[in-house]
Amino acid sequence: MRKILSAVIGTAMVAASPALLAQETAYPARPIKLVVAFGPGSVNDAMARELAKTLYNELGQPVIVENKPGAGGVVGTDYVAKSAPDGYTLGFGTSSQLVMNVGLQKSLPFDVERDLTPIGLVSRTPLALAVPASGANSLAELVKQAKSKSQPMTYSSSGVGSINHIAGAAFARAAGVELMHVPYKGAATAAADLAAGRVDMMLVTLPSMAGLVDQGKIKVLANGIKQRGASTPNVPTFAEAGLPSFEGYTWNNLFAPAGTPAAVIAKLNAALNKALRDPQVVQFARRQTAEILAPSTPAEALAFEKKERATWVPFIRSLGIEP
C-alpha cells in the first residue's frame, strides 16, 4: 500500500511540476520577440526598435524586433494572433493593422478583439497636409481653390487603401470639396510628384517629408492632431486653420495574443509605461513628430482602439475601396 501511495504521490508531483515550475519561474525568463508587421526602415520599425532597447532595461531580457511584412500588416498581425499566449511574442500595433484593415478587408484571418490583447498605447503621429512650394499658402486658400476649380484637385497617396488615401477622402468630406485620388506604389514616388507639382496635395507623416520641407520643395499647411506638435510649433492644427471637424493621425500600441496571463500583461504594461518616460525615447518620438500616449492601462488601450474603429471603419466601408 505504501509503495502504491508513494507511486501515486510521485506521479502527481511529476504531473504538477511543469505548472509549479512555470509559477516559480519569473517572467520573462528568455528573450521576447516584438513583431513589426511592416518592413525594416519604416517609421513603425524605427519606433519599435527604439522602444525595444529601453524595454530590455526594464524587463532584463532582450526584446528582439522581427519584421513580418505583407498584406498591409495582415501577415504580421496574424502571426502574433496565432502565437503561444505566453508573453514571448508581442506585436507592435498600428492603426493600419487594427483599424484600417478591419474596414478595408472583407475578411481577416483573425478577429482584432477576440484574438488580440492590448498591453498599452505607445504614440500618435499626426498626418500633415502638404502642398507643393507653388501651392496655396493656407488651408483656407486651398479649400477656396478646390471649390472654385471646374475640375477636382488631386491628392496623392502611397497606394489604394493606404492611410494617405483614407485620410485624404476624410479631409475632402470634412472640407466639402471634391478631390481626385492619385495612388502611387509607395510614399517616396508620391512625395516626389507632390514636390514636382504634378499633384496638388498629400496627407502624410512629416518625417517622410522632412527633406523636401527643408529644401523648400513643399509647404505644410496643417497638422492633424488637436494641438501643435512639439517639433513643429509653427504648423497650425486643422482647427486653428479653420477646419475643426477634421483630425488625421496614425498611432501605435503594444499587443499580445489573447489568453496571455493577466500578470504577464500587467508586467509588460508597467515596463512599457516606464520605457515611454525614458528621455531618449521621448526625444526620439519628438524627432518623429510623434506624441507619447503614456501612461495607459490595457483597458484604456482597448477603449481607445474601439473608439477608433467606431469612427473609421464605417467611413472606410462607405468609400467602397477594393484594396
# chains A, B, ... in the order shown; residues from 1 in each chain; ligands from 1
call {"tool": "select_by_dssp", "arguments": {"residues": "segment 34-177 of chain A", "states": "alpha helix (DSSP H)", "output": "JSON, numbers by chain"}}
result
{"A": [43, 44, 45, 46, 47, 48, 49, 50, 51, 52, 53, 54, 55, 56, 57, 58, 59, 74, 75, 76, 77, 78, 79, 80, 81, 95, 101, 102, 103, 104, 139, 140, 141, 142, 143, 144, 145, 146, 147, 148, 163, 164, 165, 166, 167, 168, 169, 170, 171, 172, 173, 174, 175]}
call {"tool": "write_last_selection", "arguments": {"atoms": "C-alpha atoms", "output": "PDB file, in the first residue's frame"}}
result
ATOM      1  CA  VAL A  43       8.623  54.787 -39.245  1.00  0.00           C
ATOM      2  CA  ASN A  44       6.893  51.993 -37.288  1.00  0.00           C
ATOM      3  CA  ASP A  45      10.020  49.839 -37.421  1.00  0.00           C
ATOM      4  CA  ALA A  46      12.192  52.703 -36.162  1.00  0.00           C
ATOM      5  CA  MET A  47       9.907  53.410 -33.203  1.00  0.00           C
ATOM      6  CA  ALA A  48       9.654  49.709 -32.320  1.00  0.00           C
ATOM      7  CA  ARG A  49      13.430  49.325 -32.299  1.00  0.00           C
ATOM      8  CA  GLU A  50      13.916  52.390 -30.114  1.00  0.00           C
ATOM      9  CA  LEU A  51      11.315  51.107 -27.686  1.00  0.00           C
ATOM     10  CA  ALA A  52      12.800  47.592 -27.695  1.00  0.00           C
ATOM     11  CA  LYS A  53      16.160  48.921 -26.464  1.00  0.00           C
ATOM     12  CA  THR A  54      14.547  50.564 -23.452  1.00  0.00           C
ATOM     13  CA  LEU A  55      12.234  47.631 -22.703  1.00  0.00           C
ATOM     14  CA  TYR A  56      15.344  45.470 -22.383  1.00  0.00           C
ATOM     15  CA  ASN A  57      16.462  47.693 -19.494  1.00  0.00           C
ATOM     16  CA  GLU A  58      13.057  47.364 -17.815  1.00  0.00           C
ATOM     17  CA  LEU A  59      12.494  43.624 -18.342  1.00  0.00           C
ATOM     18  CA  VAL A  74      -2.212  41.382 -42.015  1.00  0.00           C
ATOM     19  CA  VAL A  75       0.629  38.818 -42.153  1.00  0.00           C
ATOM     20  CA  GLY A  76       2.438  40.093 -39.063  1.00  0.00           C
ATOM     21  CA  THR A  77      -0.751  40.615 -37.063  1.00  0.00           C
ATOM     22  CA  ASP A  78      -1.960  37.103 -37.866  1.00  0.00           C
ATOM     23  CA  TYR A  79       1.403  35.695 -36.794  1.00  0.00           C
ATOM     24  CA  VAL A  80       1.052  37.265 -33.346  1.00  0.00           C
ATOM     25  CA  ALA A  81      -2.613  36.267 -33.041  1.00  0.00           C
ATOM     26  CA  SER A  95      -3.845  51.985 -36.808  1.00  0.00           C
ATOM     27  CA  ASN A 101      -7.703  46.728 -42.275  1.00  0.00           C
ATOM     28  CA  VAL A 102     -10.929  45.973 -40.423  1.00  0.00           C
ATOM     29  CA  GLY A 103     -12.708  48.418 -42.718  1.00  0.00           C
ATOM     30  CA  LEU A 104     -10.803  47.547 -45.877  1.00  0.00           C
ATOM     31  CA  LEU A 139      -5.715  75.791 -45.617  1.00  0.00           C
ATOM     32  CA  ALA A 140      -8.444  78.360 -46.270  1.00  0.00           C
ATOM     33  CA  GLU A 141      -6.818  79.319 -49.565  1.00  0.00           C
ATOM     34  CA  LEU A 142      -6.512  75.669 -50.602  1.00  0.00           C
ATOM     35  CA  VAL A 143     -10.181  74.932 -49.829  1.00  0.00           C
ATOM     36  CA  LYS A 144     -11.225  78.064 -51.731  1.00  0.00           C
ATOM     37  CA  GLN A 145      -9.190  76.926 -54.742  1.00  0.00           C
ATOM     38  CA  ALA A 146     -10.707  73.442 -54.598  1.00  0.00           C
ATOM     39  CA  LYS A 147     -14.233  74.834 -54.540  1.00  0.00           C
ATOM     40  CA  SER A 148     -13.611  77.231 -57.424  1.00  0.00           C
ATOM     41  CA  ILE A 163      -3.673  55.826 -44.612  1.00  0.00           C
ATOM     42  CA  ASN A 164      -2.924  58.716 -47.015  1.00  0.00           C
ATOM     43  CA  HIS A 165      -5.790  57.601 -49.262  1.00  0.00           C
ATOM     44  CA  ILE A 166      -8.337  57.282 -46.463  1.00  0.00           C
ATOM     45  CA  ALA A 167      -7.268  60.478 -44.690  1.00  0.00           C
ATOM     46  CA  GLY A 168      -7.449  62.381 -47.976  1.00  0.00           C
ATOM     47  CA  ALA A 169     -11.005  61.181 -48.537  1.00  0.00           C
ATOM     48  CA  ALA A 170     -11.935  62.163 -44.970  1.00  0.00           C
ATOM     49  CA  PHE A 171     -10.392  65.615 -45.474  1.00  0.00           C
ATOM     50  CA  ALA A 172     -12.346  66.126 -48.704  1.00  0.00           C
ATOM     51  CA  ARG A 173     -15.601  65.236 -46.946  1.00  0.00           C
ATOM     52  CA  ALA A 174     -14.868  67.480 -43.951  1.00  0.00           C
ATOM     53  CA  ALA A 175     -13.909  70.419 -46.197  1.00  0.00           C
TER      54      ALA A 175
END
call {"tool": "closest_atom_pairs", "arguments": {"of": "segment 179-274 of chain A", "to": "segment 115-121 of chain A", "cutoff": "7 Å", "atoms": "only C-alpha atoms", "output": "Markdown table"}}
result
| residue | atom | partner | partner_atom | distance |
| --- | --- | --- | --- | --- |
| A:Asn252 | CA | A:Leu121 | CA | 6.4 |
| A:Asn253 | CA | A:Leu121 | CA | 4.2 |
| A:Leu254 | CA | A:Ile119 | CA | 5.3 |
| A:Phe255 | CA | A:Pro118 | CA | 4.3 |
| A:Ala256 | CA | A:Thr117 | CA | 5.1 |
| A:Pro257 | CA | A:Leu116 | CA | 4.7 |
| A:Ala258 | CA | A:Leu116 | CA | 4.6 |
| A:Ile265 | CA | A:Ile119 | CA | 6.0 |
| A:Leu268 | CA | A:Ile119 | CA | 6.8 |
| A:Asn269 | CA | A:Ile119 | CA | 5.5 |
call {"tool": "write_last_selection", "arguments": {"atoms": "all heavy atoms", "output": "compact mmCIF listing (two decimals), in the first residue's frame"}}
result
# COMPACT_ATOMS: atom_id res chain seq x y z
N ASN A 252 0.26 53.95 -32.54
CA ASN A 252 0.89 52.67 -32.24
C ASN A 252 0.50 52.18 -30.86
O ASN A 252 0.24 52.98 -29.96
CB ASN A 252 2.43 52.78 -32.29
CG ASN A 252 2.94 53.22 -33.63
OD1 ASN A 252 3.42 54.33 -33.77
ND2 ASN A 252 2.86 52.36 -34.63
N ASN A 253 0.49 50.87 -30.71
CA ASN A 253 0.33 50.27 -29.39
C ASN A 253 1.18 49.01 -29.29
O ASN A 253 1.89 48.65 -30.24
CB ASN A 253 -1.14 49.97 -29.08
CG ASN A 253 -1.67 48.74 -29.82
OD1 ASN A 253 -1.00 48.15 -30.66
ND2 ASN A 253 -2.90 48.36 -29.53
N LEU A 254 1.14 48.39 -28.15
CA LEU A 254 1.79 47.10 -27.95
C LEU A 254 0.67 46.11 -27.64
O LEU A 254 -0.22 46.41 -26.84
CB LEU A 254 2.78 47.18 -26.78
CG LEU A 254 4.02 46.28 -26.82
CD1 LEU A 254 4.88 46.63 -28.04
CD2 LEU A 254 4.83 46.45 -25.54
N PHE A 255 0.71 44.92 -28.28
CA PHE A 255 -0.35 43.94 -28.03
C PHE A 255 0.23 42.54 -27.96
O PHE A 255 1.38 42.29 -28.35
CB PHE A 255 -1.45 44.03 -29.09
CG PHE A 255 -1.03 43.64 -30.48
CD1 PHE A 255 -1.15 42.33 -30.93
CD2 PHE A 255 -0.54 44.59 -31.37
CE1 PHE A 255 -0.79 41.98 -32.23
CE2 PHE A 255 -0.16 44.25 -32.66
CZ PHE A 255 -0.29 42.94 -33.09
N ALA A 256 -0.58 41.61 -27.45
CA ALA A 256 -0.17 40.22 -27.27
C ALA A 256 -1.30 39.31 -27.75
O ALA A 256 -2.42 39.77 -27.97
CB ALA A 256 0.11 39.95 -25.79
N PRO A 257 -1.02 38.02 -27.93
CA PRO A 257 -2.11 37.09 -28.26
C PRO A 257 -3.13 37.03 -27.13
O PRO A 257 -2.77 37.15 -25.95
CB PRO A 257 -1.39 35.74 -28.42
CG PRO A 257 0.05 36.07 -28.63
CD PRO A 257 0.29 37.35 -27.88
N ALA A 258 -4.40 36.87 -27.48
CA ALA A 258 -5.42 36.69 -26.46
C ALA A 258 -5.10 35.46 -25.61
O ALA A 258 -4.55 34.47 -26.11
CB ALA A 258 -6.79 36.51 -27.12
N ILE A 265 0.63 40.47 -18.73
CA ILE A 265 0.18 41.72 -19.35
C ILE A 265 0.47 42.90 -18.42
O ILE A 265 0.94 43.96 -18.85
CB ILE A 265 -1.32 41.66 -19.69
CG1 ILE A 265 -1.59 40.59 -20.76
CG2 ILE A 265 -1.84 43.01 -20.14
CD1 ILE A 265 -1.01 40.90 -22.11
N LEU A 268 4.19 43.71 -18.44
CA LEU A 268 4.56 44.35 -19.69
C LEU A 268 4.03 45.77 -19.76
O LEU A 268 4.72 46.69 -20.24
CB LEU A 268 4.02 43.54 -20.87
CG LEU A 268 4.73 42.22 -21.16
CD1 LEU A 268 3.91 41.36 -22.12
CD2 LEU A 268 6.13 42.47 -21.73
N ASN A 269 2.83 45.99 -19.26
CA ASN A 269 2.25 47.34 -19.25
C ASN A 269 3.08 48.28 -18.39
O ASN A 269 3.36 49.43 -18.79
CB ASN A 269 0.80 47.28 -18.75
CG ASN A 269 0.18 48.66 -18.59
OD1 ASN A 269 0.14 49.20 -17.49
ND2 ASN A 269 -0.29 49.23 -19.68
call {"tool": "closest_residue", "arguments": {"among": "A:Gly39, A:Phe284, A:Leu98, A:Ala239", "to": "Lys226 of chain A", "atoms": "only C-alpha atoms"}}
result
A:Ala239
call {"tool": "atom_distance", "arguments": {"atom1": "atom CA of Ser296 of chain A", "atom2": "atom CA of Glu113 of chain A"}}
result
17.9 Å
call {"tool": "residues_around", "arguments": {"residues": "Ala187 of chain A", "least_positions_apart": "4", "cutoff": "8 Å", "atoms": "only C-alpha atoms", "output": "list in words"}}
result
Ser157, Ser158, Ala191 and Ser208 of chain A
call {"tool": "select_by_dssp", "arguments": {"residues": "segment 166-316 of chain A", "states": "strand (DSSP E or B)", "output": "list in words"}}
result
Leu179, Met180, His181, Val182, Pro183, Met201, Met202, Leu203, Val204, Thr205, Ile218, Lys219, Val220, Leu221, Ala222, Asn223, Thr237, Tyr249, Thr250, Trp251, Asn252, Asn253, Leu254, Phe255, Ala256, Pro257, Glu291 and Ile292 of chain A
call {"tool": "write_last_selection", "arguments": {"atoms": "C-alpha atoms", "output": "compact mmCIF listing (two decimals), in the first residue's frame"}}
result
# COMPACT_ATOMS: atom_id res chain seq x y z
CA LEU A 179 -10.77 65.67 -54.78
CA MET A 180 -9.32 63.10 -57.15
CA HIS A 181 -7.23 60.34 -55.59
CA VAL A 182 -3.92 59.54 -57.35
CA PRO A 183 -2.39 56.33 -55.89
CA MET A 201 -1.73 67.91 -52.05
CA MET A 202 -0.99 64.93 -49.80
CA LEU A 203 -1.73 63.97 -46.20
CA VAL A 204 1.44 62.42 -44.83
CA THR A 205 3.55 61.97 -41.71
CA ILE A 218 6.84 71.56 -50.29
CA LYS A 219 4.87 73.53 -47.71
CA VAL A 220 2.93 72.17 -44.74
CA LEU A 221 -0.43 73.86 -44.14
CA ALA A 222 -1.93 71.99 -41.18
CA ASN A 223 -1.25 69.36 -38.53
CA THR A 237 -3.71 72.48 -36.33
CA TYR A 249 -3.10 60.71 -37.48
CA THR A 250 -1.57 57.28 -37.14
CA TRP A 251 -0.95 55.57 -33.82
CA ASN A 252 0.89 52.67 -32.24
CA ASN A 253 0.33 50.27 -29.39
CA LEU A 254 1.79 47.10 -27.95
CA PHE A 255 -0.35 43.94 -28.03
CA ALA A 256 -0.17 40.22 -27.27
CA PRO A 257 -2.11 37.09 -28.26
CA GLU A 291 3.41 62.36 -29.17
CA ILE A 292 3.76 59.71 -26.46
call {"tool": "closest_residue", "arguments": {"among": "A:Trp312, A:Val199, A:Ala263, A:Gly159", "to": "Pro28 of chain A", "atoms": "only C-alpha atoms"}}
result
A:Ala263
call {"tool": "residues_around", "arguments": {"residues": "Gly72 of chain A", "least_positions_apart": "3", "cutoff": "9 Å", "atoms": "only C-alpha atoms", "output": "PDB file with N, CA and C atoms, in the first residue's frame"}}
result
ATOM      1  N   ALA A  37       4.814  44.523 -38.317  1.00  0.00           N
ATOM      2  CA  ALA A  37       4.130  43.984 -39.497  1.00  0.00           C
ATOM      3  C   ALA A  37       4.447  44.751 -40.779  1.00  0.00           C
ATOM      4  N   PHE A  38       5.510  45.550 -40.742  1.00  0.00           N
ATOM      5  CA  PHE A  38       5.961  46.302 -41.909  1.00  0.00           C
ATOM      6  C   PHE A  38       7.469  46.135 -42.039  1.00  0.00           C
ATOM      7  N   PRO A  69       6.432  41.681 -42.821  1.00  0.00           N
ATOM      8  CA  PRO A  69       5.543  42.489 -43.647  1.00  0.00           C
ATOM      9  C   PRO A  69       4.682  41.643 -44.570  1.00  0.00           C
ATOM     10  N   VAL A  75      -0.244  39.978 -42.387  1.00  0.00           N
ATOM     11  CA  VAL A  75       0.629  38.818 -42.153  1.00  0.00           C
ATOM     12  C   VAL A  75       1.228  38.851 -40.747  1.00  0.00           C
ATOM     13  N   SER A  96      -3.175  51.112 -38.986  1.00  0.00           N
ATOM     14  CA  SER A  96      -3.413  50.386 -40.244  1.00  0.00           C
ATOM     15  C   SER A  96      -3.829  48.947 -39.964  1.00  0.00           C
ATOM     16  N   GLN A  97      -3.139  48.288 -39.036  1.00  0.00           N
ATOM     17  CA  GLN A  97      -3.429  46.889 -38.722  1.00  0.00           C
ATOM     18  C   GLN A  97      -4.744  46.706 -37.974  1.00  0.00           C
ATOM     19  N   ASN A 101      -7.487  48.036 -41.637  1.00  0.00           N
ATOM     20  CA  ASN A 101      -7.703  46.728 -42.275  1.00  0.00           C
ATOM     21  C   ASN A 101      -9.067  46.130 -41.947  1.00  0.00           C
ATOM     22  N   GLY A 161      -6.123  52.265 -50.446  1.00  0.00           N
ATOM     23  CA  GLY A 161      -6.376  51.746 -49.113  1.00  0.00           C
ATOM     24  C   GLY A 161      -5.356  52.173 -48.077  1.00  0.00           C
ATOM     25  N   SER A 162      -4.350  52.949 -48.472  1.00  0.00           N
ATOM     26  CA  SER A 162      -3.333  53.415 -47.521  1.00  0.00           C
ATOM     27  C   SER A 162      -3.929  54.489 -46.608  1.00  0.00           C
TER      28      SER A 162
END
call {"tool": "residues_around", "arguments": {"residues": "Asp86 of chain A", "least_positions_apart": "6", "cutoff": "8 Å", "atoms": "only C-alpha atoms", "output": "list in words"}}
result
Thr260, Pro261 and Val264 of chain A
call {"tool": "write_last_selection", "arguments": {"atoms": "C-alpha atoms", "output": "short mmCIF file (atom, residue, chain, number, x, y, z; two decimals), in the first residue's frame"}}
result
data_model
loop_
_atom_site.label_atom_id
_atom_site.label_comp_id
_atom_site.auth_asym_id
_atom_site.auth_seq_id
_atom_site.Cartn_x
_atom_site.Cartn_y
_atom_site.Cartn_z
CA THR A 260 -1.79 35.85 -22.29
CA PRO A 261 -1.85 35.70 -18.46
CA VAL A 264 2.28 38.98 -17.70
#
call {"tool": "atom_distance", "arguments": {"atom1": "atom CA of Ala128 of chain A", "atom2": "atom CA of Gly224 of chain A"}}
result
5.7 Å
call {"tool": "residues_around", "arguments": {"residues": "Thr311 of chain A", "least_positions_apart": "4", "cutoff": "12 Å", "atoms": "only C-alpha atoms", "output": "MDAnalysis selection string"}}
result
chainID A and resid 99:100 102:103 170 246:248 304:307 315:318
call {"tool": "write_last_selection", "arguments": {"atoms": "N, CA, C and O atoms", "output": "mmCIF file, in the first residue's frame"}}
result
data_model
loop_
_atom_site.group_PDB
_atom_site.id
_atom_site.type_symbol
_atom_site.label_atom_id
_atom_site.label_comp_id
_atom_site.auth_asym_id
_atom_site.auth_seq_id
_atom_site.Cartn_x
_atom_site.Cartn_y
_atom_site.Cartn_z
ATOM 1 N N VAL A 99 -7.261 49.025 -37.233
ATOM 2 C CA VAL A 99 -8.458 49.792 -37.592
ATOM 3 C C VAL A 99 -8.703 49.752 -39.097
ATOM 4 O O VAL A 99 -9.742 49.271 -39.562
ATOM 5 N N MET A 100 -7.740 50.256 -39.877
ATOM 6 C CA MET A 100 -7.937 50.399 -41.313
ATOM 7 C C MET A 100 -8.243 49.060 -41.991
ATOM 8 O O MET A 100 -9.155 48.965 -42.809
ATOM 9 N N VAL A 102 -9.595 46.467 -40.787
ATOM 10 C CA VAL A 102 -10.929 45.973 -40.423
ATOM 11 C C VAL A 102 -11.974 46.536 -41.380
ATOM 12 O O VAL A 102 -12.922 45.853 -41.772
ATOM 13 N N GLY A 103 -11.789 47.805 -41.777
ATOM 14 C CA GLY A 103 -12.708 48.418 -42.718
ATOM 15 C C GLY A 103 -12.448 48.050 -44.159
ATOM 16 O O GLY A 103 -13.380 47.955 -44.961
ATOM 17 N N ALA A 170 -11.286 61.582 -46.150
ATOM 18 C CA ALA A 170 -11.935 62.163 -44.970
ATOM 19 C C ALA A 170 -11.782 63.683 -44.971
ATOM 20 O O ALA A 170 -12.725 64.413 -44.615
ATOM 21 N N PHE A 246 -11.908 68.063 -38.680
ATOM 22 C CA PHE A 246 -11.008 67.045 -39.232
ATOM 23 C C PHE A 246 -9.830 66.777 -38.308
ATOM 24 O O PHE A 246 -9.202 67.696 -37.787
ATOM 25 N N GLU A 247 -9.542 65.499 -38.117
ATOM 26 C CA GLU A 247 -8.313 65.043 -37.475
ATOM 27 C C GLU A 247 -7.725 63.922 -38.324
ATOM 28 O O GLU A 247 -8.466 63.101 -38.876
ATOM 29 N N GLY A 248 -6.416 63.870 -38.420
ATOM 30 C CA GLY A 248 -5.775 62.788 -39.155
ATOM 31 C C GLY A 248 -4.463 62.418 -38.498
ATOM 32 O O GLY A 248 -3.604 63.271 -38.281
ATOM 33 N N PHE A 304 -9.525 52.890 -26.429
ATOM 34 C CA PHE A 304 -9.029 53.771 -27.494
ATOM 35 C C PHE A 304 -9.204 53.091 -28.852
ATOM 36 O O PHE A 304 -9.700 53.699 -29.809
ATOM 37 N N GLU A 305 -8.793 51.825 -28.936
ATOM 38 C CA GLU A 305 -8.938 51.063 -30.186
ATOM 39 C C GLU A 305 -10.394 51.008 -30.634
ATOM 40 O O GLU A 305 -10.711 51.236 -31.806
ATOM 41 N N LYS A 306 -11.283 50.688 -29.713
ATOM 42 C CA LYS A 306 -12.695 50.547 -30.064
ATOM 43 C C LYS A 306 -13.272 51.864 -30.569
ATOM 44 O O LYS A 306 -14.069 51.883 -31.522
ATOM 45 N N LYS A 307 -12.870 52.951 -29.940
ATOM 46 C CA LYS A 307 -13.343 54.266 -30.376
ATOM 47 C C LYS A 307 -12.848 54.580 -31.780
ATOM 48 O O LYS A 307 -13.593 55.102 -32.620
ATOM 49 N N PHE A 315 -16.729 54.699 -42.021
ATOM 50 C CA PHE A 315 -16.335 55.640 -43.073
ATOM 51 C C PHE A 315 -15.569 54.925 -44.175
ATOM 52 O O PHE A 315 -15.831 55.128 -45.368
ATOM 53 N N ILE A 316 -14.625 54.071 -43.799
ATOM 54 C CA ILE A 316 -13.832 53.345 -44.800
ATOM 55 C C ILE A 316 -14.748 52.478 -45.664
ATOM 56 O O ILE A 316 -14.611 52.465 -46.892
ATOM 57 N N ARG A 317 -15.686 51.798 -45.044
ATOM 58 C CA ARG A 317 -16.588 50.935 -45.808
ATOM 59 C C ARG A 317 -17.486 51.745 -46.736
ATOM 60 O O ARG A 317 -17.861 51.282 -47.812
ATOM 61 N N SER A 318 -17.785 52.974 -46.337
ATOM 62 C CA SER A 318 -18.623 53.830 -47.191
ATOM 63 C C SER A 318 -17.900 54.239 -48.468
ATOM 64 O O SER A 318 -18.542 54.618 -49.454
#
call {"tool": "closest_residue", "arguments": {"among": "A:Gly87, A:Pro126, A:Arg309, A:Met209", "to": "Gly229 of chain A", "atoms": "only C-alpha atoms"}}
result
A:Pro126
call {"tool": "closest_residue", "arguments": {"among": "A:Lys106, A:Ile32, A:Ser156, A:Ala310", "to": "Thr89 of chain A", "atoms": "only C-alpha atoms"}}
result
A:Ile32
